[in-house]
Structures are given as C-alpha cells and as structure tokens.
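Worksheet: one structure, shown below.
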Amino acid sequence: MHTFHIPVMGSGFTIDTALKVSQYGIDSVLSLVDDVLMERIRKVLCKKHDLPFIEINPKRIDCRAERITAYLNLMDDLSVRNFEKMVAEVTSSSESADRYFAMLPDASPVAQEYFRLRSGLNGEHESIAEWIRAHMVRGSIDVNIMTKLDRANYYNDEKLPAEYNDAHSALRGFAHSKLNSSVVLSAGLNPELFGYIAGFPDFFPDSKGNLKKRIVIKVSDYRSALIQGKFLAKKGLWVSEFRIESGLNCGGHAFPTNGLLLGPILAEFRDRREELQETLWTVFKEALLHAGLPVPQDMLPLRITAQGGVATAEEHRFLIQHYRLHSVGWGTPFLLVPEVTLCDSGTIDLLIKAKTEDVYISNKSPLMIPFYSLKGNTRDAEKERRIEEGLPGTACPRKYLALNQEFSEAGLCPASFEYQHYKIQRLEEMNLPAEEYRQQYDAITEKSCICAGLGTPALKALGMDTSVEGPGESVCPSPSIAWFNRTFSLKEMMDHIYGRTSLFDKEQRLNVFLSELHIYVSHLKKEAEETKYSCSRKHLRTLQSFCDNMKEGIRYYSDLFRKYHDELSTDEGAAMKSLTEAAARTDEICLQIRQICCTS
C-alpha cells in the first residue's frame, strides 16, 4: 500500500504505533527489549478498550516470553478491530474512501484505479464496495530484536538454559504470538539465536511458499547480507527482506561501516539482487529437502529496503526508483507526530527546538556502541547532577544491558551505580597522573541508562507512574530532526513524504547522501585522533581501507550528482563544492594517519 515504513524507535516511542497506523496499510516496528514496559502498557490498553487483564506473574520462569506474546496478541486483536472499523467506514462513505485512497502515493496503481472507478459512479458508491474491501490491506505489526541483547537469566539463583536468555525469550514470545508479520533482527549475527529460530514452524514455508512469520535482517553492506542470509538458509530459513541502514545517519545506536557510504552500498544491492536471491535460494532449497520439509515451487520474494536520514520527498522517490527499493524507512520525523508515536510534551518541545549542532554521536551507550543523543535530555541532566554530587551511576531497574561480567558473572550494566563504583575504585588504585585519571574517569561516568530512559517518554505520554524508572528521559533522533520544527498530523507527514507538500525549506538542507558523507568525515577525523595513542599495523590497514572506501564513495557521489541532480532536487554546483570539500578533508586526514603511524 505504501512505499514507506516506520522503523523501531527506542523501547517506547513506537510501542503502540501499529494501533495508530496499521489500518491505513502502514507497516511499523516495535521493540521487544522491554517486556516490563509492554506488560504495563497492556494493562492500560485493556482498561481503555474494556478488555480483561490478567497480570503475568514476574516470578514465572518464562514470564518474559509470556508477556511479549500477550502484548503482541493484544496488538493484533486491536489492530484488526481498528482495520475492520476503517473498512466499514470507507466502504460505506465516498468521502471516507476519498480520504483513505488519497493518502496513498500518487503513483499507486490502487489509488489510480480507485479514482478511475469513482469518477464513473454517479453517486453509486456501494457498487465498488467489494472492490474497496478487496484492496484495503492492514499494515504489518513487525517486531525488532537486537541480537546483542541476549543476557543470561537466573531463577532461584541458578543460571537458566540459553533459551531463557533475553533475545531468545523475545523471539519465543513473537513466535508463539498470533501475528502474521516479521521479526527484524539487528546488531549483527548471533549464531545461537539464529539457530534457535529453526525450532518454530511458523518460520518455514508451506508448499505454496506462504510464511506466517518472516525474517528481516538489518545490514550495513552486501557482504553482511550474504553471510547472514546463507547462515539462515542452511537451516531452511528464508530471509524475506534485507533492510539497509545508513551507518551514521540514523538515530539511536550508530553502526559505522569501514568507510562504505550508503549510495554505493545501495547500488551494489541493486546490481547484485538477483545474484543474492538465487544464491540464497539454492542453499535454502537444499536445506528444506534435506530436512524433508515442503519446498515451494516458485522462488520466494526478497525485498530490499533502506532507512536513515531521509527527510524529503525527492530523496524518498530517488531511493525507491534509482535503487529499486521496496520501501524507505522514516523514523525521526514521526517523533513529532503525536498521532503515531508515544512521546511526552517535554521531550516533544526539546525535539522541536533542536538545531543541527544539538544532535551528536556520544559514547554514552552501555553497549559501547556509538549512540545519538540530543543536548538537553533530562536523563543526561540527572546523570551530570549525580556526578557533581560524587555519586556517579544510576539505578538499574531493567538490567537489559547488564552484560559486562568484569565484576559479576551475572553481569552489570556499565551505567549502573554498582559497576561505576567498582570501576572508579580500581581506577583510584592505579595512581595515574591527574589528566589521565580525569580522562578515564569521564569515560566511565559518561555511560548513561538508556533502558529506562528510552521508555520513560512513553510512560509519561500515557500519564503513568515513573517512580521506578525515574523521571529522566532519553531521546536519540537522527540529525534530520533539526529540519522539523513543530508537531504534525499523520496526513501532513504522509503528504510531505509523497511530495504533496513540504514541511520545511529544502533548499537549506544538505542532501541525505552529503549529510552522511560529512558525518563520516568527522568520524574518520576522530579515528585519526585516536591513532596518536596507538597505531598498530593492523589498525593502520583498517584505517587505510576506511580512507580508500571514503574516496571511492566520493567519486561515486560526484558521478551521481552530475547525472541526477535534478531528480535529487540538488544544485549541482553546491553538491560538487560540498564533495570537493569532503574529498580535501578526507585526503588531509588520511595523510595525517599515515604520518602518525609511520613515526610511531
């Protein structure tokens, strides 16, 4: 129905988005990290819709999976209810039908056919009611699992088997749900978790090729897609979609590539899509035959989608058409659409006022992965106040990121009171010079609680108690938030995505490709600065590869903007100037790296 989807945003921002958009045929993704948050919101939704609520006892050995299943089943039930209500409204009213189909892309065959039929009705709307009913599609309620968040769990002080690990339990919760949708696996290959998927029948096709549960892999490049796709295919599991995410232009955790830029990555997927599909299909069929499972007669479809930093209709259209994508993800702008996401008024005000310089990549994530932050978020303000009071660290009510085993076999979160206390105590025993001590102290205390912080805005938006989590909120938008300076309706945002209106002055904004390029140049500069302290031959080779990939990417963009500046709605001269500046800075940084490494 649509050429965009709403990706996962934090643990709370998109936790109930499907209930607000699936009736319009829009796909969205919710996080399965926080089962406690899901259980609390399930209670609120049951009360709101006059449904019985039976709490799942947190002392049950499989409570995490059971909570996730219960929440997803409720989401499915309520979204079906919303969709049936929408179908009834659209099939009975020509005005409602006009509004519904007008929300689709102008080039949509379904929308064009509707208005063609509509023009010859002479008021007899009922005559096309069956056609309308047949062409309305409910949006998919997809779920996201970060594969790295697979913490072991304990019951009565005894470590449970791996199937009770956090990511395993989340997968089981989804697999046991009624949903006919996809699990989006992000943050890399987890062999044990990927193997666990094969234990659930819904992930295998029937003889006609139908899959009740589908697998989507978030990847940063073609090589990663091939490796992960073959790993799953060997187990008889088909990857229905590879979702390419800009390494440094998305909100949340950033996963920088080794200098590979989004444009060249998308071009490789476009040019090698059939090769990738056929390679995986061969391995997949052999695995099904070996296991004695039904083998579909026709090759299963393989979708290629992308997301990260897109903010204009021209960029959206170009990605779809030039790279033959099935869909483009729009995340950050929807934080300012209260109809779609859960975000409290204080966080919304902060997002509205955000300027480009207010969004930055930090080292605050306990996962030790670069993380986007917005200056002024209250969770960080709380953290700084505790540091000033000599009490760094925070309570750890969720423990989803309690993965560090340096001081405890059960794991501690690097943002917690306990971990930072142990770490600082060890630091003090080292008797380091003042400057080095301060540097290491700041690195320890920079870690911030994002488990609770990313869920608190949802709780506040619903008027719920936050005494356990604390009042502080975290928000992690992409740099594109700077161009959206008020709240919007869903229709306004959809009209912006499809080019029927514009919500900001596009002339003042760097194109998505150029924006990502300049972020990568800054990232390379940071990497170069770190070579001052250590530069092994292996590290030098990695940085040299980074430089080579950057230069190749700049050459690719130079050719792209010369040929397609009109389609990209970008001034060719301005684009070439930006690329020349990026090339000069890249050359300068690469030379600096070589000089440092040669003298060290």
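Just remember, in the structure tokens the first chain shown is A, the second B, etc., residues are 1-based per chain, and ligands are 1-based in the order shown.
Every protein, DNA or RNA residue with an atom at most 9 Å from A:Ile589, where only C-alpha atoms count and chain neighbours fewer than 2 positions away do not, is listed here: Val521, Leu524, Lys525, Ala528, Cys547, Ala584, Arg585, Thr586, Asp587, Leu591, Gln592, Ile593 and Arg594 of chain A.
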Nearest to A:Thr456, chosen from A:Lys208, A:Arg379, A:His49, A:His539, with only C-alpha atoms counted in the distances: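 Looking only at the distances to A:Thr456, the closest residue turns out to be A:Arg379.
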Pick from A:Arg386, A:Arg133, A:Lys213, A:Arg272, whichever lies nearest to A:Ala88 using only C-alpha atoms: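 Going through A:Arg386, A:Arg133, A:Lys213, A:Arg272 one by one, the smallest distance to A:Ala88 is for A:Arg133.
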Close residues, stretch 432-441 of chain A itself excluded, 10 Å, only C-alpha atoms, min 6 positions apart in chain, as a ChimeraX atom specification: /A:420,423-424
Expected file contents, prior selection, N, CA, C and O atoms, as a PDB file, in the first residue's frame:
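Here's the written file out-v4.pdb:
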```
ATOM      1  N   GLN A 420      30.027   1.361  38.163  1.00  0.00           N
ATOM      2  CA  GLN A 420      30.883   2.548  38.180  1.00  0.00           C
ATOM      3  C   GLN A 420      31.628   2.688  39.506  1.00  0.00           C
ATOM      4  O   GLN A 420      32.767   3.163  39.550  1.00  0.00           O
ATOM      5  N   LYS A 423      34.534   0.274  39.183  1.00  0.00           N
ATOM      6  CA  LYS A 423      35.458   0.736  38.154  1.00  0.00           C
ATOM      7  C   LYS A 423      36.284   1.929  38.661  1.00  0.00           C
ATOM      8  O   LYS A 423      37.507   1.997  38.439  1.00  0.00           O
ATOM      9  N   ILE A 424      35.629   2.850  39.344  1.00  0.00           N
ATOM     10  CA  ILE A 424      36.337   4.026  39.869  1.00  0.00           C
ATOM     11  C   ILE A 424      37.270   3.620  41.011  1.00  0.00           C
ATOM     12  O   ILE A 424      38.386   4.154  41.148  1.00  0.00           O
TER      13      ILE A 424
END
```
Extract, using only C-alpha atoms, all DNA, RNA and protein residues at most 6 Å from stretch 365-367 of chain A, discarding same-chain residues fewer than 4 positions from it, and format them as an mmCIF file with C-alpha atoms, in the first residue's frame.
```
data_model
loop_
_atom_site.group_PDB
_atom_site.id
_atom_site.type_symbol
_atom_site.label_atom_id
_atom_site.label_comp_id
_atom_site.auth_asym_id
_atom_site.auth_seq_id
_atom_site.Cartn_x
_atom_site.Cartn_y
_atom_site.Cartn_z
ATOM 1 C CA PHE A 371 24.861 6.435 20.239
ATOM 2 C CA PRO A 414 28.280 -0.050 32.762
ATOM 3 C CA ALA A 415 25.852 2.781 33.544
ATOM 4 C CA LYS A 447 27.686 5.846 30.326
#
```
Selected residue, from A:Phe334, A:Tyr323, A:Tyr372, A:Tyr360, that lies nearest to A:Leu490 when counting only C-alpha atoms: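 Of all the options, A:Phe334 lies closest to A:Leu490.
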Residue contacts of A:Cys343 (6 Å, only C-alpha atoms) excluding same-chain residues fewer than 3 positions away, as a PyMOL selection string: chain A and resi 457-458+461
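Comparing A:Ser94, A:Ser240, A:Asn210, A:Thr347 by their smallest distance to A:Pro471, the closest is A:Thr347 (using only C-alpha atoms).
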Shell around A:Gly455 at 8 Å using only C-alpha atoms, local window under 6 positions removed, as a ChimeraX atom specification: /A:10-13,37,473
Would you save the residues of that selection, restricted to N, CA, C and O atoms, as a PDB file, in the first residue's frame?
```pdb
ATOM      1  N   GLY A  10      13.614   3.350  19.772  1.00  0.00           N
ATOM      2  CA  GLY A  10      13.712   3.147  21.202  1.00  0.00           C
ATOM      3  C   GLY A  10      12.828   2.008  21.668  1.00  0.00           C
ATOM      4  O   GLY A  10      12.254   1.252  20.882  1.00  0.00           O
ATOM      5  N   SER A  11      12.698   1.880  22.970  1.00  0.00           N
ATOM      6  CA  SER A  11      11.847   0.819  23.517  1.00  0.00           C
ATOM      7  C   SER A  11      10.404   1.258  23.660  1.00  0.00           C
ATOM      8  O   SER A  11       9.503   0.416  23.759  1.00  0.00           O
ATOM      9  N   GLY A  12      10.151   2.577  23.638  1.00  0.00           N
ATOM     10  CA  GLY A  12       8.803   3.046  23.899  1.00  0.00           C
ATOM     11  C   GLY A  12       8.155   3.893  22.832  1.00  0.00           C
ATOM     12  O   GLY A  12       6.929   3.914  22.710  1.00  0.00           O
ATOM     13  N   PHE A  13       8.942   4.604  22.021  1.00  0.00           N
ATOM     14  CA  PHE A  13       8.359   5.575  21.090  1.00  0.00           C
ATOM     15  C   PHE A  13       7.399   4.932  20.089  1.00  0.00           C
ATOM     16  O   PHE A  13       6.405   5.533  19.701  1.00  0.00           O
ATOM     17  N   LEU A  37       7.770  -2.895  30.319  1.00  0.00           N
ATOM     18  CA  LEU A  37       7.033  -1.782  29.722  1.00  0.00           C
ATOM     19  C   LEU A  37       5.826  -2.301  28.944  1.00  0.00           C
ATOM     20  O   LEU A  37       4.722  -1.741  29.049  1.00  0.00           O
ATOM     21  N   GLU A 473      14.398  11.360  30.885  1.00  0.00           N
ATOM     22  CA  GLU A 473      14.097  10.784  29.572  1.00  0.00           C
ATOM     23  C   GLU A 473      15.329  10.840  28.678  1.00  0.00           C
ATOM     24  O   GLU A 473      16.120  11.765  28.743  1.00  0.00           O
TER      25      GLU A 473
END
```
Atom-to-atom span, atom CA of A:Arg64 and atom CA of A:Ala254, Å: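 Atom-to-atom, atom CA of A:Arg64 to atom CA of A:Ala254, that is 27.1 Å.
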Closest of A:Val310, A:Leu74, A:Leu185, A:Val110 to A:Lys148 - atom-to-atom distances counting only C-alpha atoms: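 Using only C-alpha atoms, the shortest distance to A:Lys148 belongs to A:Leu185.
Of the residues under consideration (A:Pro264, A:Pro301, A:Ala452, A:Thr487), A:Pro264 shows the shortest atom-to-atom contact distance to A:Ser558 when counting only C-alpha atoms.
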Neighbour list for stretch 241-250 of chain A as a PyMOL selection string, cut-off 8 Å, only C-alpha atoms, skip fewer than 5 positions in-chain: chain A and resi 215-221+225+255-257+261-262+266+302-309+477-479+515-516+519-520
Strand (DSSP E or B) residues, from DSSP on the backbone, in stretch 364-560 of chain A, as a list in words: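 The strand (DSSP E or B) subset of stretch 364-560 of chain A is Phe371, Tyr372, Ser373, Leu374, Thr394, Asn404, Leu412 and Ser416 of chain A.
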Dump as a PDB file, in the first residue's frame, selection limited to N, CA and C atoms:
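Below you can see out-v4.pdb, which holds the result:
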```pdb
ATOM      1  N   PHE A 371      26.282   6.254  19.982  1.00  0.00           N
ATOM      2  CA  PHE A 371      24.861   6.435  20.239  1.00  0.00           C
ATOM      3  C   PHE A 371      24.489   7.897  20.036  1.00  0.00           C
ATOM      4  N   TYR A 372      23.438   8.136  19.235  1.00  0.00           N
ATOM      5  CA  TYR A 372      22.986   9.508  19.012  1.00  0.00           C
ATOM      6  C   TYR A 372      22.300  10.066  20.260  1.00  0.00           C
ATOM      7  N   SER A 373      22.604  11.311  20.563  1.00  0.00           N
ATOM      8  CA  SER A 373      21.988  11.971  21.705  1.00  0.00           C
ATOM      9  C   SER A 373      21.542  13.374  21.314  1.00  0.00           C
ATOM     10  N   LEU A 374      20.633  13.882  22.103  1.00  0.00           N
ATOM     11  CA  LEU A 374      20.141  15.242  21.909  1.00  0.00           C
ATOM     12  C   LEU A 374      20.469  16.049  23.151  1.00  0.00           C
ATOM     13  N   THR A 394      23.740   5.053  37.991  1.00  0.00           N
ATOM     14  CA  THR A 394      22.297   5.115  38.180  1.00  0.00           C
ATOM     15  C   THR A 394      21.775   3.761  38.638  1.00  0.00           C
ATOM     16  N   ASN A 404      28.084  -6.718  31.116  1.00  0.00           N
ATOM     17  CA  ASN A 404      29.515  -6.702  31.447  1.00  0.00           C
ATOM     18  C   ASN A 404      29.785  -7.619  32.639  1.00  0.00           C
ATOM     19  N   LEU A 412      26.811  -6.807  34.894  1.00  0.00           N
ATOM     20  CA  LEU A 412      26.422  -5.485  35.375  1.00  0.00           C
ATOM     21  C   LEU A 412      26.327  -4.542  34.188  1.00  0.00           C
ATOM     22  N   SER A 416      25.453   1.535  35.611  1.00  0.00           N
ATOM     23  CA  SER A 416      24.883   1.344  36.949  1.00  0.00           C
ATOM     24  C   SER A 416      25.785   1.886  38.053  1.00  0.00           C
TER      25      SER A 416
END
```
Two-atom distance - atom CA of A:Phe546, atom CA of A:Leu517 (Å):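 Rounded to one decimal, the two atoms are 12.6 Å apart.
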Counting only C-alpha atoms, which residues of stretch 491-527 of chain A fall within 10 Å of stretch 1-4 of chain A, and what is the closest atom pair for each with its distance in Å at one decimal, ordered by chain and rising number, as JSON lines?
```
{"residue": "A:Met494", "atom": "CA", "partner": "A:Phe4", "partner_atom": "CA", "distance": 9.2}
{"residue": "A:Ile497", "atom": "CA", "partner": "A:Phe4", "partner_atom": "CA", "distance": 8.2}
{"residue": "A:Tyr498", "atom": "CA", "partner": "A:Thr3", "partner_atom": "CA", "distance": 8.9}
```
